[in-house]
>>> print(open('start-v2.txt').read())   # compact mmCIF, C-alpha atoms
# COMPACT_ATOMS: atom_id res chain seq x y z
CA MET A 1 0.00 0.00 0.00
CA SER A 2 1.13 3.55 -0.68
CA PRO A 3 2.41 5.54 2.30
CA LEU A 4 -0.59 7.90 1.97
CA GLY A 5 -2.98 4.95 2.02
CA GLU A 6 -1.35 3.64 5.19
CA ILE A 7 -1.64 7.06 6.82
CA VAL A 8 -5.32 7.34 5.93
CA ILE A 9 -6.12 3.83 7.18
CA LEU A 10 -4.26 4.41 10.45
CA THR A 11 -6.03 7.76 10.91
CA ILE A 12 -9.40 6.05 10.53
CA GLN A 13 -8.38 3.25 12.91
CA VAL A 14 -7.00 5.54 15.61
CA SER A 15 -9.80 8.14 15.42
CA GLY A 16 -12.51 5.49 15.19
CA SER A 17 -11.20 3.55 18.18
CA ALA A 18 -10.75 6.72 20.23
CA LEU A 19 -14.30 7.83 19.40
CA LEU A 20 -15.69 4.41 20.33
CA LEU A 21 -13.93 4.55 23.69
CA ALA A 22 -14.81 8.20 24.41
CA ALA A 23 -18.47 7.77 23.43
CA GLY A 24 -18.71 4.30 24.99
CA PHE A 25 -17.76 5.67 28.38
CA GLY A 26 -18.82 9.31 27.96
CA LEU A 27 -22.44 8.90 26.84
CA PRO A 28 -23.52 6.53 29.65
CA LEU A 29 -21.76 8.65 32.26
CA GLY A 30 -23.30 11.83 30.81
CA ALA A 31 -26.76 10.26 30.80
CA LEU A 32 -26.31 9.09 34.38
CA LEU A 33 -25.17 12.51 35.56
CA GLY A 34 -27.95 14.23 33.64
CA LEU A 35 -30.67 12.04 35.10
CA ALA A 36 -29.54 11.14 38.58
CA LYS A 37 -29.42 13.22 41.68
CA PHE A 38 -26.73 11.72 43.88
CA PRO A 39 -24.27 13.38 46.22
CA GLY A 40 -21.22 14.54 44.32
CA ALA A 41 -22.96 14.59 40.93
CA ARG A 42 -22.40 18.33 40.62
CA LEU A 43 -18.72 17.95 41.47
CA VAL A 44 -18.28 15.24 38.84
CA GLN A 45 -20.08 17.49 36.37
CA LEU A 46 -17.75 20.37 37.18
CA LEU A 47 -14.73 18.14 36.64
CA ILE A 48 -16.09 16.93 33.31
CA TYR A 49 -16.87 20.46 32.12
CA THR A 50 -13.32 21.46 33.06
CA GLY A 51 -12.03 18.42 31.20
CA MET A 52 -13.70 19.70 28.04
CA GLY A 53 -10.95 22.30 27.91
CA LEU A 54 -8.01 19.96 28.61
CA PRO A 55 -4.91 21.17 26.74
CA PRO A 56 -3.91 18.36 24.33
CA VAL A 57 -0.17 18.74 24.95
CA PHE A 58 -0.76 18.38 28.68
CA VAL A 59 -2.72 15.17 28.16
CA GLY A 60 -0.02 14.01 25.76
CA LEU A 61 2.62 14.69 28.39
CA VAL A 62 0.76 12.81 31.11
CA VAL A 63 0.12 9.81 28.85
CA TYR A 64 3.77 9.96 27.76
CA LEU A 65 4.93 9.83 31.38
CA LEU A 66 2.49 7.02 32.19
CA PHE A 67 3.70 4.86 29.32
CA SER A 68 7.37 5.81 29.34
CA ARG A 69 9.80 3.06 30.28
CA SER A 70 10.11 4.26 33.88
CA GLY A 71 6.42 5.21 34.17
CA PRO A 72 3.78 3.25 36.11
CA LEU A 73 2.43 1.64 32.92
CA GLY A 74 5.80 1.40 31.18
CA SER A 75 5.72 -2.39 31.17
CA LEU A 76 2.86 -2.31 28.68
CA ASP A 77 5.30 -0.97 26.10
CA TRP A 78 2.61 1.20 24.51
CA LEU A 79 4.61 4.37 24.01
CA PHE A 80 5.06 5.26 20.33
CA THR A 81 2.32 2.86 19.30
CA PRO A 82 -1.16 3.59 17.91
CA THR A 83 -2.56 2.31 21.22
CA ALA A 84 -0.97 5.20 23.12
CA MET A 85 -2.45 7.61 20.56
CA ILE A 86 -5.89 6.08 21.02
CA VAL A 87 -5.58 6.42 24.80
CA ALA A 88 -4.56 10.09 24.57
CA GLN A 89 -7.34 10.97 22.13
CA SER A 90 -9.96 9.11 24.15
CA ILE A 91 -8.98 11.05 27.26
CA LEU A 92 -9.33 14.31 25.33
CA ALA A 93 -12.67 13.45 23.74
CA PHE A 94 -14.28 11.69 26.71
CA PRO A 95 -15.15 14.86 28.69
CA ILE A 96 -16.69 16.40 25.57
CA ALA A 97 -18.86 13.34 24.92
CA ALA A 98 -19.89 13.15 28.60
CA GLY A 99 -20.29 16.91 29.22
CA LEU A 100 -22.43 17.63 26.17
CA THR A 101 -24.56 14.57 26.95
CA VAL A 102 -25.18 15.93 30.47
CA ALA A 103 -26.22 19.26 28.96
CA ALA A 104 -28.50 17.57 26.40
CA VAL A 105 -30.25 15.45 29.03
CA ARG A 106 -30.62 18.41 31.40
CA SER A 107 -32.15 20.52 28.63
CA VAL A 108 -35.21 18.28 28.43
CA SER A 109 -38.07 20.33 29.87
CA PRO A 110 -39.15 19.35 33.42
CA GLU A 111 -42.72 20.05 32.36
CA LEU A 112 -42.40 17.40 29.63
CA VAL A 113 -41.08 14.95 32.21
CA LEU A 114 -44.10 15.65 34.39
CA GLN A 115 -46.50 15.14 31.49
CA VAL A 116 -44.78 11.90 30.54
CA ARG A 117 -45.18 10.73 34.14
CA SER A 118 -48.81 11.73 33.92
CA LEU A 119 -49.22 9.41 30.91
CA GLY A 120 -48.31 6.51 33.16
CA ALA A 121 -44.56 6.13 32.68
CA THR A 122 -42.65 4.17 35.29
CA PRO A 123 -39.44 5.86 36.51
CA GLY A 124 -37.46 3.70 34.08
CA GLN A 125 -39.71 4.58 31.16
CA GLU A 126 -39.49 8.22 32.16
CA ARG A 127 -35.68 8.11 31.94
CA TRP A 128 -35.79 6.28 28.63
CA THR A 129 -38.13 8.93 27.21
CA ILE A 130 -35.84 11.72 28.43
CA LEU A 131 -32.85 10.09 26.73
CA ARG A 132 -34.78 9.66 23.49
CA GLN A 133 -35.86 13.28 23.71
CA ALA A 134 -32.22 14.34 24.18
CA ARG A 135 -30.92 12.24 21.31
CA ARG A 136 -30.18 15.15 18.95
CA GLY A 137 -28.06 16.74 21.67
CA VAL A 138 -26.34 13.41 22.29
CA LEU A 139 -25.56 13.14 18.58
CA ALA A 140 -24.05 16.62 18.77
CA ALA A 141 -21.92 15.37 21.68
CA VAL A 142 -20.61 12.54 19.49
CA LEU A 143 -19.90 14.93 16.61
CA ALA A 144 -18.06 17.35 18.87
CA ALA A 145 -16.00 14.52 20.39
CA PHE A 146 -15.15 13.33 16.89
CA GLY A 147 -14.20 16.86 15.89
CA ARG A 148 -11.80 17.07 18.79
CA ILE A 149 -10.22 13.74 17.87
CA VAL A 150 -9.79 14.57 14.20
CA ALA A 151 -8.38 18.03 14.86
CA GLU A 152 -5.96 16.83 17.51
CA VAL A 153 -2.23 16.83 16.82
CA GLY A 154 -0.27 17.81 19.94
CA ALA A 155 -0.97 14.75 22.05
CA VAL A 156 -0.63 12.15 19.29
CA LEU A 157 2.62 13.71 18.19
CA LEU A 158 4.01 13.36 21.72
CA VAL A 159 2.88 9.83 22.48
CA GLY A 160 2.95 8.45 18.92
CA GLY A 161 6.16 10.00 17.75
CA ASN A 162 5.02 10.36 14.11
CA ILE A 163 6.93 7.26 13.02
CA ALA A 164 6.53 6.61 9.29
CA GLY A 165 4.54 3.44 8.62
CA LYS A 166 3.84 2.96 12.30
CA THR A 167 2.27 5.94 14.05
CA ARG A 168 2.00 8.58 11.36
CA VAL A 169 -1.54 9.86 10.93
CA LEU A 170 -2.89 12.65 8.77
CA SER A 171 -2.60 15.41 11.34
CA THR A 172 0.99 14.57 12.32
CA ALA A 173 1.93 14.10 8.66
CA ILE A 174 0.66 17.62 7.97
CA VAL A 175 2.92 18.97 10.72
CA LEU A 176 5.91 17.13 9.28
CA GLU A 177 5.28 18.18 5.68
CA THR A 178 4.77 21.79 6.74
CA ARG A 179 8.04 21.79 8.67
CA GLN A 180 9.82 20.40 5.62
CA GLY A 181 8.35 23.13 3.45
CA ASN A 182 6.14 20.81 1.37
CA PHE A 183 3.20 23.14 1.71
CA GLY A 184 1.33 21.82 -1.31
CA PHE A 185 1.44 18.24 -0.03
CA ALA A 186 0.57 19.36 3.50
CA LEU A 187 -2.44 21.18 2.13
CA ALA A 188 -3.51 18.10 0.16
CA LEU A 189 -3.26 15.99 3.32
CA GLY A 190 -5.39 18.57 5.10
CA LEU A 191 -8.03 18.26 2.41
CA VAL A 192 -8.00 14.47 2.73
CA LEU A 193 -8.51 14.87 6.50
CA LEU A 194 -11.41 17.25 5.91
CA GLY A 195 -12.91 14.80 3.44
CA LEU A 196 -12.73 12.01 6.02
CA ALA A 197 -14.41 14.23 8.60
CA LEU A 198 -17.12 15.14 6.09
CA ILE A 199 -17.87 11.49 5.32
CA ALA A 200 -17.90 10.56 9.02
CA ASN A 201 -20.26 13.40 9.93
CA ALA A 202 -22.58 12.53 7.05
CA LEU A 203 -22.73 8.97 8.38
CA PHE A 204 -23.55 10.19 11.90
CA LEU A 205 -26.29 12.44 10.60
CA ARG A 206 -27.73 9.58 8.60
CA LEU A 207 -27.96 7.63 11.85
CA GLU A 208 -30.19 10.41 13.12
CA GLY A 209 -32.35 10.15 10.00
CA VAL A 210 -31.11 13.38 8.41
CA ARG A 211 -30.57 13.07 4.67
CA VAL A 212 -27.35 14.62 3.35
CA MET B 1 -64.47 8.23 43.18
CA PHE B 2 -62.56 10.91 45.06
CA ARG B 3 -63.03 12.23 48.56
CA LEU B 4 -61.15 15.32 49.69
CA ARG B 5 -61.07 16.09 53.40
CA ASP B 6 -59.44 19.11 54.95
CA LEU B 7 -57.04 19.23 51.99
CA GLN B 8 -54.36 21.90 52.07
CA HIS B 9 -51.41 22.61 49.85
CA ARG B 10 -48.57 25.03 50.47
CA TYR B 11 -45.68 26.30 48.41
CA GLY B 12 -43.23 27.50 51.02
CA PRO B 13 -45.13 29.61 53.52
CA ARG B 14 -47.95 30.36 51.08
CA THR B 15 -51.12 28.27 51.26
CA VAL B 16 -52.29 27.94 47.68
CA LEU B 17 -55.20 25.59 48.21
CA LYS B 18 -57.64 24.91 51.04
CA ILE B 19 -60.55 22.56 50.54
CA PRO B 20 -62.42 21.54 53.71
CA GLU B 21 -64.55 18.95 51.95
CA MET B 22 -65.34 17.92 48.41
CA ASP B 23 -66.31 14.69 46.64
CA ILE B 24 -66.10 13.70 43.01
CA ALA B 25 -68.61 11.10 41.80
CA PRO B 26 -67.44 8.35 39.41
CA ASP B 27 -69.62 9.48 36.53
CA GLU B 28 -69.88 13.22 36.89
CA LEU B 29 -68.37 16.24 35.20
CA LEU B 30 -67.18 18.71 37.75
CA ALA B 31 -66.19 22.11 36.39
CA LEU B 32 -63.58 24.08 38.32
CA VAL B 33 -63.91 27.81 37.76
CA GLY B 34 -62.24 30.80 39.30
CA PRO B 35 -59.88 33.64 38.50
CA SER B 36 -56.26 33.01 37.50
CA GLY B 37 -54.14 31.91 40.45
CA ALA B 38 -57.14 30.46 42.28
CA GLY B 39 -55.48 27.06 42.66
CA LYS B 40 -57.40 25.20 39.95
CA SER B 41 -54.32 23.71 38.26
CA THR B 42 -52.80 22.91 41.65
CA LEU B 43 -55.92 20.95 42.54
CA LEU B 44 -55.63 18.98 39.28
CA ARG B 45 -52.01 18.13 40.06
CA LEU B 46 -53.00 16.89 43.51
CA LEU B 47 -55.82 14.81 42.04
CA HIS B 48 -53.28 13.27 39.67
CA PHE B 49 -50.88 12.55 42.54
CA LEU B 50 -48.13 14.54 40.83
CA GLU B 51 -47.61 16.40 44.09
CA LYS B 52 -48.09 15.32 47.67
CA PRO B 53 -50.64 17.46 49.50
CA SER B 54 -49.19 19.38 52.45
CA LYS B 55 -52.05 18.38 54.70
CA GLY B 56 -55.35 16.54 54.80
CA GLN B 57 -56.76 13.49 53.11
CA LEU B 58 -57.09 12.56 49.50
CA ILE B 59 -59.08 9.35 49.20
CA PHE B 60 -59.30 7.68 45.80
CA GLU B 61 -61.55 4.64 45.61
CA HIS B 62 -61.05 3.84 49.30
CA ASN B 63 -57.26 4.25 49.05
CA ARG B 64 -55.98 6.90 51.39
CA ILE B 65 -53.60 8.25 48.78
CA SER B 66 -52.35 11.13 50.83
CA HIS B 67 -50.64 8.59 53.08
CA GLN B 68 -48.89 6.54 50.41
CA PHE B 69 -46.56 8.66 48.33
CA PRO B 70 -45.15 7.81 45.84
CA VAL B 71 -48.50 6.58 44.64
CA PRO B 72 -48.54 3.09 43.06
CA ILE B 73 -48.32 3.40 39.31
CA ALA B 74 -51.44 1.29 38.80
CA VAL B 75 -53.46 3.90 40.68
CA ARG B 76 -51.95 6.82 38.75
CA ARG B 77 -52.70 5.05 35.48
CA GLU B 78 -56.44 5.19 36.19
CA ILE B 79 -56.22 8.93 35.67
CA GLY B 80 -55.33 10.95 32.60
CA MET B 81 -54.58 14.64 32.37
CA VAL B 82 -54.61 17.16 29.55
CA PHE B 83 -52.27 19.97 30.50
CA GLN B 84 -52.85 23.62 29.83
CA ARG B 85 -49.59 23.90 27.90
CA PRO B 86 -49.06 20.50 26.38
CA GLU B 87 -45.51 19.25 25.94
CA LEU B 88 -45.09 16.51 23.39
CA VAL B 89 -42.21 14.16 22.69
CA ASP B 90 -40.07 14.58 19.60
CA GLY B 91 -41.84 12.48 16.97
CA THR B 92 -45.02 12.18 14.96
CA VAL B 93 -48.62 12.66 16.08
CA TRP B 94 -48.95 8.87 16.09
CA ASP B 95 -45.84 8.42 18.26
CA ASN B 96 -47.28 10.79 20.83
CA VAL B 97 -50.75 9.31 20.92
CA ALA B 98 -49.30 5.78 21.19
CA LEU B 99 -46.98 6.72 24.06
CA GLY B 100 -49.28 6.01 27.01
CA LEU B 101 -50.16 2.56 25.65
CA GLN B 102 -46.48 1.88 25.05
CA TYR B 103 -45.81 2.59 28.73
CA ARG B 104 -48.46 0.02 29.57
CA ALA B 105 -46.73 -2.47 27.25
CA ARG B 106 -49.86 -2.55 25.13
CA SER B 107 -49.82 -2.10 21.42
CA SER B 108 -53.24 -1.21 20.13
CA PRO B 109 -53.12 0.54 16.77
CA ASP B 110 -56.92 0.53 16.85
CA GLN B 111 -57.10 2.62 20.00
CA VAL B 112 -54.43 5.02 18.76
CA GLY B 113 -56.14 5.41 15.39
CA LYS B 114 -59.54 5.96 17.03
CA ALA B 115 -58.17 8.65 19.34
CA ILE B 116 -56.51 10.48 16.43
CA GLU B 117 -59.72 10.23 14.43
CA ALA B 118 -61.76 11.56 17.33
CA VAL B 119 -59.75 14.79 17.38
CA GLU B 120 -59.92 14.90 13.54
CA LEU B 121 -56.18 14.73 12.95
CA GLU B 122 -56.04 11.51 10.91
CA HIS B 123 -54.60 13.43 7.93
CA LEU B 124 -51.69 14.47 10.19
CA ALA B 125 -51.07 11.13 11.93
CA GLY B 126 -47.64 10.78 10.32
CA ALA B 127 -46.72 14.47 10.65
CA HIS B 128 -43.94 15.57 12.99
CA ILE B 129 -45.25 17.57 15.92
CA ARG B 130 -42.97 20.47 14.96
CA SER B 131 -45.18 21.09 11.94
CA LEU B 132 -48.36 21.43 14.03
CA SER B 133 -50.23 24.56 15.08
CA GLY B 134 -51.00 25.34 18.74
CA GLY B 135 -54.57 24.14 18.36
CA GLU B 136 -53.46 20.91 16.72
CA LEU B 137 -50.95 20.27 19.52
CA GLN B 138 -53.71 20.74 22.06
CA ARG B 139 -55.84 18.17 20.27
CA VAL B 140 -52.90 15.71 20.16
CA ALA B 141 -52.58 16.21 23.92
CA LEU B 142 -56.24 15.25 24.29
CA ALA B 143 -55.89 12.27 21.95
CA ARG B 144 -52.89 10.86 23.80
CA VAL B 145 -54.99 10.74 26.97
CA MET B 146 -58.04 9.32 25.17
CA ALA B 147 -55.88 6.46 23.84
CA ILE B 148 -55.25 5.21 27.37
CA ALA B 149 -58.96 5.46 28.24
CA PRO B 150 -58.60 6.57 31.86
CA ARG B 151 -61.53 6.38 34.28
CA LEU B 152 -60.97 9.97 35.32
CA TYR B 153 -60.01 12.77 32.94
CA LEU B 154 -58.43 15.92 34.36
CA LEU B 155 -58.73 18.64 31.73
CA ASP B 156 -56.88 21.90 32.28
CA GLU B 157 -58.44 24.41 29.90
CA PRO B 158 -58.49 21.96 27.01
CA THR B 159 -60.09 24.47 24.66
CA ALA B 160 -57.94 27.49 25.50
CA ASN B 161 -55.99 27.49 22.20
CA LEU B 162 -58.80 26.42 19.92
CA ASP B 163 -60.94 28.18 17.35
CA PRO B 164 -64.73 28.03 17.82
CA ARG B 165 -65.15 25.03 15.51
CA ASN B 166 -62.61 23.02 17.46
CA VAL B 167 -64.06 24.15 20.78
CA GLY B 168 -67.27 22.53 19.57
CA LEU B 169 -65.36 19.39 18.56
CA VAL B 170 -63.63 19.07 21.94
CA GLU B 171 -66.85 19.70 23.84
CA GLU B 172 -68.48 16.92 21.83
CA ILE B 173 -65.54 14.64 22.70
CA ILE B 174 -66.01 15.47 26.37
CA ARG B 175 -69.67 14.44 26.10
CA ASP B 176 -68.58 11.18 24.42
CA ILE B 177 -66.06 10.51 27.16
CA ARG B 178 -68.85 10.81 29.69
CA ARG B 179 -71.17 8.56 27.71
CA GLU B 180 -68.45 5.94 27.97
CA GLY B 181 -68.66 6.21 31.74
CA ALA B 182 -65.56 8.22 32.67
CA ALA B 183 -65.55 11.05 35.16
CA VAL B 184 -64.19 14.48 34.19
CA VAL B 185 -62.79 17.37 36.17
CA LEU B 186 -62.69 20.34 33.83
CA VAL B 187 -60.83 23.55 34.57
CA THR B 188 -62.23 26.34 32.45
CA HIS B 189 -62.18 30.10 32.29
CA ASN B 190 -65.33 30.04 30.29
CA VAL B 191 -68.41 29.98 32.52
CA TYR B 192 -70.63 29.31 29.52
CA GLN B 193 -68.63 26.19 28.81
CA ALA B 194 -69.06 25.12 32.43
CA ARG B 195 -72.78 25.65 32.07
CA ARG B 196 -72.93 23.67 28.81
CA LEU B 197 -70.98 20.66 30.07
CA ALA B 198 -70.93 20.38 33.85
CA ASP B 199 -73.08 18.49 36.32
CA ARG B 200 -71.62 20.49 39.17
CA VAL B 201 -69.52 23.62 39.37
CA ALA B 202 -66.90 24.46 41.97
CA LEU B 203 -65.67 28.02 42.45
CA LEU B 204 -62.17 28.57 43.79
CA ILE B 205 -60.87 32.00 44.75
CA SER B 206 -57.33 32.51 46.08
CA GLY B 207 -57.09 28.85 46.99
CA ASP B 208 -60.36 28.74 48.91
CA LEU B 209 -63.28 26.62 47.87
CA ILE B 210 -66.16 29.08 47.82
CA GLU B 211 -68.95 26.89 46.58
CA VAL B 212 -69.71 23.53 44.95
CA SER B 213 -73.20 23.27 43.56
CA PRO B 214 -75.18 21.51 40.86
CA VAL B 215 -74.80 23.49 37.66
CA ARG B 216 -78.30 24.94 37.64
CA GLN B 217 -78.13 26.10 41.19
CA PHE B 218 -74.67 27.56 40.68
CA PHE B 219 -75.87 29.75 37.83
CA GLU B 220 -79.41 30.52 38.96
CA ASP B 221 -79.39 30.44 42.71
CA PRO B 222 -75.82 30.43 44.04
CA GLN B 223 -75.25 29.95 47.75
CA ASP B 224 -72.44 32.47 47.90
CA PRO B 225 -72.77 36.02 46.56
CA ARG B 226 -69.25 35.74 45.09
CA SER B 227 -70.45 32.94 42.79
CA GLY B 228 -73.08 35.20 41.31
CA ALA B 229 -70.56 37.99 40.94
CA PHE B 230 -68.08 35.67 39.23
CA VAL B 231 -70.70 34.45 36.77
CA ARG B 232 -71.63 38.03 35.95
CA GLY B 233 -67.96 38.73 35.19
CA GLU B 234 -67.39 41.01 38.15
CA MET B 235 -64.12 41.10 40.05
CA VAL B 236 -64.09 38.67 42.94
CA PHE B 237 -61.53 38.41 45.70
>>> encode(input="start-v2.txt", output="structure tokens")
Amino acid sequence: MSPLGEIVILTIQVSGSALLLAAGFGLPLGALLGLAKFPGARLVQLLIYTGMGLPPVFVGLVVYLLFSRSGPLGSLDWLFTPTAMIVAQSILAFPIAAGLTVAAVRSVSPELVLQVRSLGATPGQERWTILRQARRGVLAAVLAAFGRIVAEVGAVLLVGGNIAGKTRVLSTAIVLETRQGNFGFALALGLVLLGLALIANALFLRLEGVRV
Amino acid sequence: MFRLRDLQHRYGPRTVLKIPEMDIAPDELLALVGPSGAGKSTLLRLLHFLEKPSKGQLIFEHNRISHQFPVPIAVRREIGMVFQRPELVDGTVWDNVALGLQYRARSSPDQVGKAIEAVELEHLAGAHIRSLSGGELQRVALARVMAIAPRLYLLDEPTANLDPRNVGLVEEIIRDIRREGAAVVLVTHNVYQARRLADRVALLISGDLIEVSPVRQFFEDPQDPRSGAFVRGEMVF
């Protein structure tokens, strides 16, 4: 396969896995926080909202230290592998997936909840209806998390190392080509990345029943 | 069907409802009238067990409900309410009307279709609720309650957003509901509507129950001078 093909495939693999992880953990936690009233829920929410603004290089640094040879998880030997990149991107996207899901669930009108209860919903059915009602907001949470993952470069550069044929993805390739002065090629890579994002978003919207 | 004894409800320090004694018969239509802020909607919420009364007894079919909150779902499901400002779930008219049956794990396209037909929205059954007018939404809100066929209907100004033709339609539906044996508590600002539909009329002012009388007596020979004044459209306090 051509080097560009490898880069594109790896980008899809890393971003897709990171999104699966971030959404897989973020959406249920967001739904739980949005629906439940338990002690500490507000504190967790505050932490998640703060996490939405995590600086990528900081996350990259922490993951780097965790996976470095002398770090606590050094024995896994994940540093400079796609796995480390997936971990870093998941950490960055997780608070966005969770935080925006909390907001979407909380935005469902309390009056609607009351009227749904009035129609004879059990507490479980009530929660299910709220989640269904919030689904457009939840989709937006997934899209925003995906946007963060696709746009990210600082963390993956640190923990992946941009090794050709091994950990080079579109965003890190763009950095490299720009540094080497190959602006035309860098720009082309950028357009490929945009194209991927466009296709992914169209697929998400189709899930929601929107025709594009 | 319902017995209310020494019922009181407070929001914070403010007593918003005080009903020493009132009964609701299983087959009657009781109209609740009174100025805005009289406590009519609060009373409906209490009758639907959506709020726990601050004091007193609420007895539904021999169950002393006021002593068993949260109320068992089976009891709540005997009652249906049409809210003053209906909120519908994201979906089609059909989705909304089918919702109550879905909660009861019953799928009855017949009942859903009949309810939609009754409010004359069959041409919009597949339409998304975002495309509906205020009056149409109000009729969907009525249909979604009709689909579950409750034994007691609580109607909070169900004709407030409707044009005269649809007021007539909804009033006819209310008569049909009664022919099928359900009881109705109707909150209305329109005393003429109360006179057209009700068996008895209750007047609430500032949370106090002023009078409950058979409809004829309420309009022709009220026991309290404030009832007469209210009917004549005068200010009552």
>>> atom_distance(input="start-v2.txt", atom1="CA of Gly30 in chain A", atom2="CA of Val102 in chain A")
4.5 Å
>>> residues_around(input="start-v2.txt", residues="Phe204 in chain A", least_positions_apart="2", cutoff="12 Å", atoms="all atoms listed in the file", output="compact mmCIF listing (two decimals) with C-alpha atoms, in the coordinates of the input")
# COMPACT_ATOMS: atom_id res chain seq x y z
CA ARG A 136 -30.18 15.15 18.95
CA VAL A 138 -26.34 13.41 22.29
CA LEU A 139 -25.56 13.14 18.58
CA ALA A 140 -24.05 16.62 18.77
CA ALA A 141 -21.92 15.37 21.68
CA VAL A 142 -20.61 12.54 19.49
CA LEU A 143 -19.90 14.93 16.61
CA ALA A 144 -18.06 17.35 18.87
CA PHE A 146 -15.15 13.33 16.89
CA ALA A 197 -14.41 14.23 8.60
CA LEU A 198 -17.12 15.14 6.09
CA ILE A 199 -17.87 11.49 5.32
CA ALA A 200 -17.90 10.56 9.02
CA ASN A 201 -20.26 13.40 9.93
CA ALA A 202 -22.58 12.53 7.05
CA ARG A 206 -27.73 9.58 8.60
CA LEU A 207 -27.96 7.63 11.85
CA GLU A 208 -30.19 10.41 13.12
CA GLY A 209 -32.35 10.15 10.00
CA VAL A 210 -31.11 13.38 8.41
CA ARG A 211 -30.57 13.07 4.67
CA VAL A 212 -27.35 14.62 3.35
>>> residues_around(input="start-v2.txt", residues="Ala84 in chain A", least_positions_apart="4", cutoff="10 Å", atoms="all atoms listed in the file", output="ChimeraX atom specification")
/A:14,60,63-64,66-67,77-80,88-90,155-156,158-160,167
>>> write_last_selection(input="start-v2.txt", atoms="C-alpha atoms", output="compact mmCIF listing (two decimals), in the frame of the given file")
# COMPACT_ATOMS: atom_id res chain seq x y z
CA VAL A 14 -7.00 5.54 15.61
CA GLY A 60 -0.02 14.01 25.76
CA VAL A 63 0.12 9.81 28.85
CA TYR A 64 3.77 9.96 27.76
CA LEU A 66 2.49 7.02 32.19
CA PHE A 67 3.70 4.86 29.32
CA ASP A 77 5.30 -0.97 26.10
CA TRP A 78 2.61 1.20 24.51
CA LEU A 79 4.61 4.37 24.01
CA PHE A 80 5.06 5.26 20.33
CA ALA A 88 -4.56 10.09 24.57
CA GLN A 89 -7.34 10.97 22.13
CA SER A 90 -9.96 9.11 24.15
CA ALA A 155 -0.97 14.75 22.05
CA VAL A 156 -0.63 12.15 19.29
CA LEU A 158 4.01 13.36 21.72
CA VAL A 159 2.88 9.83 22.48
CA GLY A 160 2.95 8.45 18.92
CA THR A 167 2.27 5.94 14.05
>>> interface_residues(input="start-v2.txt", of="chain A", to="chain B", cutoff="9 Å", atoms="all atoms listed in the file", output="ChimeraX atom specification")
/A:109,111-122,125,129-130,132-133
>>> residues_around(input="start-v2.txt", residues="range 219-236 of chain B", least_positions_apart="6", cutoff="10 Å", atoms="only C-alpha atoms", output="VMD selection string")
chain B and resid 33 to 35 190 to 192 194 to 195 201 to 206 210 to 213
>>> residues_around(input="start-v2.txt", residues="Gly56 in chain B", least_positions_apart="5", cutoff="9 Å", atoms="only C-alpha atoms", output="count of residues only")
8
>>> closest_residue(input="start-v2.txt", among="B:His67, B:Leu162, B:Leu142, B:Trp94", to="Ile174 in chain B", atoms="all atoms listed in the file")
B:Leu142
>>> atom_distance(input="start-v2.txt", atom1="CA of Leu197 in chain B", atom2="CA of Lys40 in chain B")
17.4 Å
>>> atom_distance(input="start-v2.txt", atom1="CA of Pro123 in chain A", atom2="CA of Val71 in chain B")
12.2 Å
>>> residues_around(input="start-v2.txt", residues="Ile149 in chain A", least_positions_apart="3", cutoff="8 Å", atoms="all atoms listed in the file", output="number ranges by chain")
A: 15, 18-19, 89-90, 92-93, 145-146, 152
>>> closest_residue(input="start-v2.txt", among="B:Ser107, B:Leu30, B:Phe2, B:Val167", to="Gln57 in chain B", atoms="only C-alpha atoms")
B:Phe2
>>> closest_residue(input="start-v2.txt", among="B:Leu46, B:Ala115, B:Ile65, B:Ile19", to="Met146 in chain B", atoms="only C-alpha atoms")
B:Ala115
>>> closest_residue(input="start-v2.txt", among="B:Arg175, B:Pro26, B:Val16, B:Asp199", to="Ala38 in chain B", atoms="only C-alpha atoms")
B:Val16
>>> closest_residue(input="start-v2.txt", among="B:Gly126, B:Gly207, B:Gly134, B:Gly181", to="Tyr11 in chain B", atoms="all atoms listed in the file")
B:Gly207
>>> residues_near_point(input="start-v2.txt", point="(-21.8, 16.3, 39.1)", cutoff="12 Å", atoms="only C-alpha atoms", output="list in words")
Leu29, Gly30, Ala31, Leu32, Leu33, Gly34, Leu35, Ala36, Lys37, Phe38, Pro39, Gly40, Ala41, Arg42, Leu43, Val44, Gln45, Leu46, Leu47, Ile48, Tyr49, Thr50, Ala98, Gly99, Val102, Ala103 and Arg106 of chain A
>>> axis_aligned_box(input="start-v2.txt", around="range 124-135 of chain A", padding_each_side="6 Å", output="lines of an AutoDock Vina configuration file")
center_x = -35.3
center_y = 9.0
center_z = 27.7
size_x = 20.8
size_y = 22.6
size_z = 24.8
>>> decode(input="start-v2.txt", residues="range 212-216 of chain B", atoms="N, CA and C atoms", output="mmCIF file, in the first residue's frame")
data_model
loop_
_atom_site.group_PDB
_atom_site.id
_atom_site.type_symbol
_atom_site.label_atom_id
_atom_site.label_comp_id
_atom_site.auth_asym_id
_atom_site.auth_seq_id
_atom_site.Cartn_x
_atom_site.Cartn_y
_atom_site.Cartn_z
ATOM 1 N N VAL B 212 -69.517 24.606 45.930
ATOM 2 C CA VAL B 212 -69.707 23.527 44.954
ATOM 3 C C VAL B 212 -71.189 23.278 44.870
ATOM 4 N N SER B 213 -71.758 23.449 43.684
ATOM 5 C CA SER B 213 -73.198 23.272 43.557
ATOM 6 C C SER B 213 -73.521 22.611 42.227
ATOM 7 N N PRO B 214 -74.708 21.979 42.163
ATOM 8 C CA PRO B 214 -75.180 21.508 40.860
ATOM 9 C C PRO B 214 -75.242 22.695 39.899
ATOM 10 N N VAL B 215 -75.020 22.413 38.617
ATOM 11 C CA VAL B 215 -74.799 23.492 37.664
ATOM 12 C C VAL B 215 -75.941 24.510 37.658
ATOM 13 N N ARG B 216 -77.170 24.017 37.717
ATOM 14 C CA ARG B 216 -78.300 24.940 37.639
ATOM 15 C C ARG B 216 -78.341 25.890 38.827
#
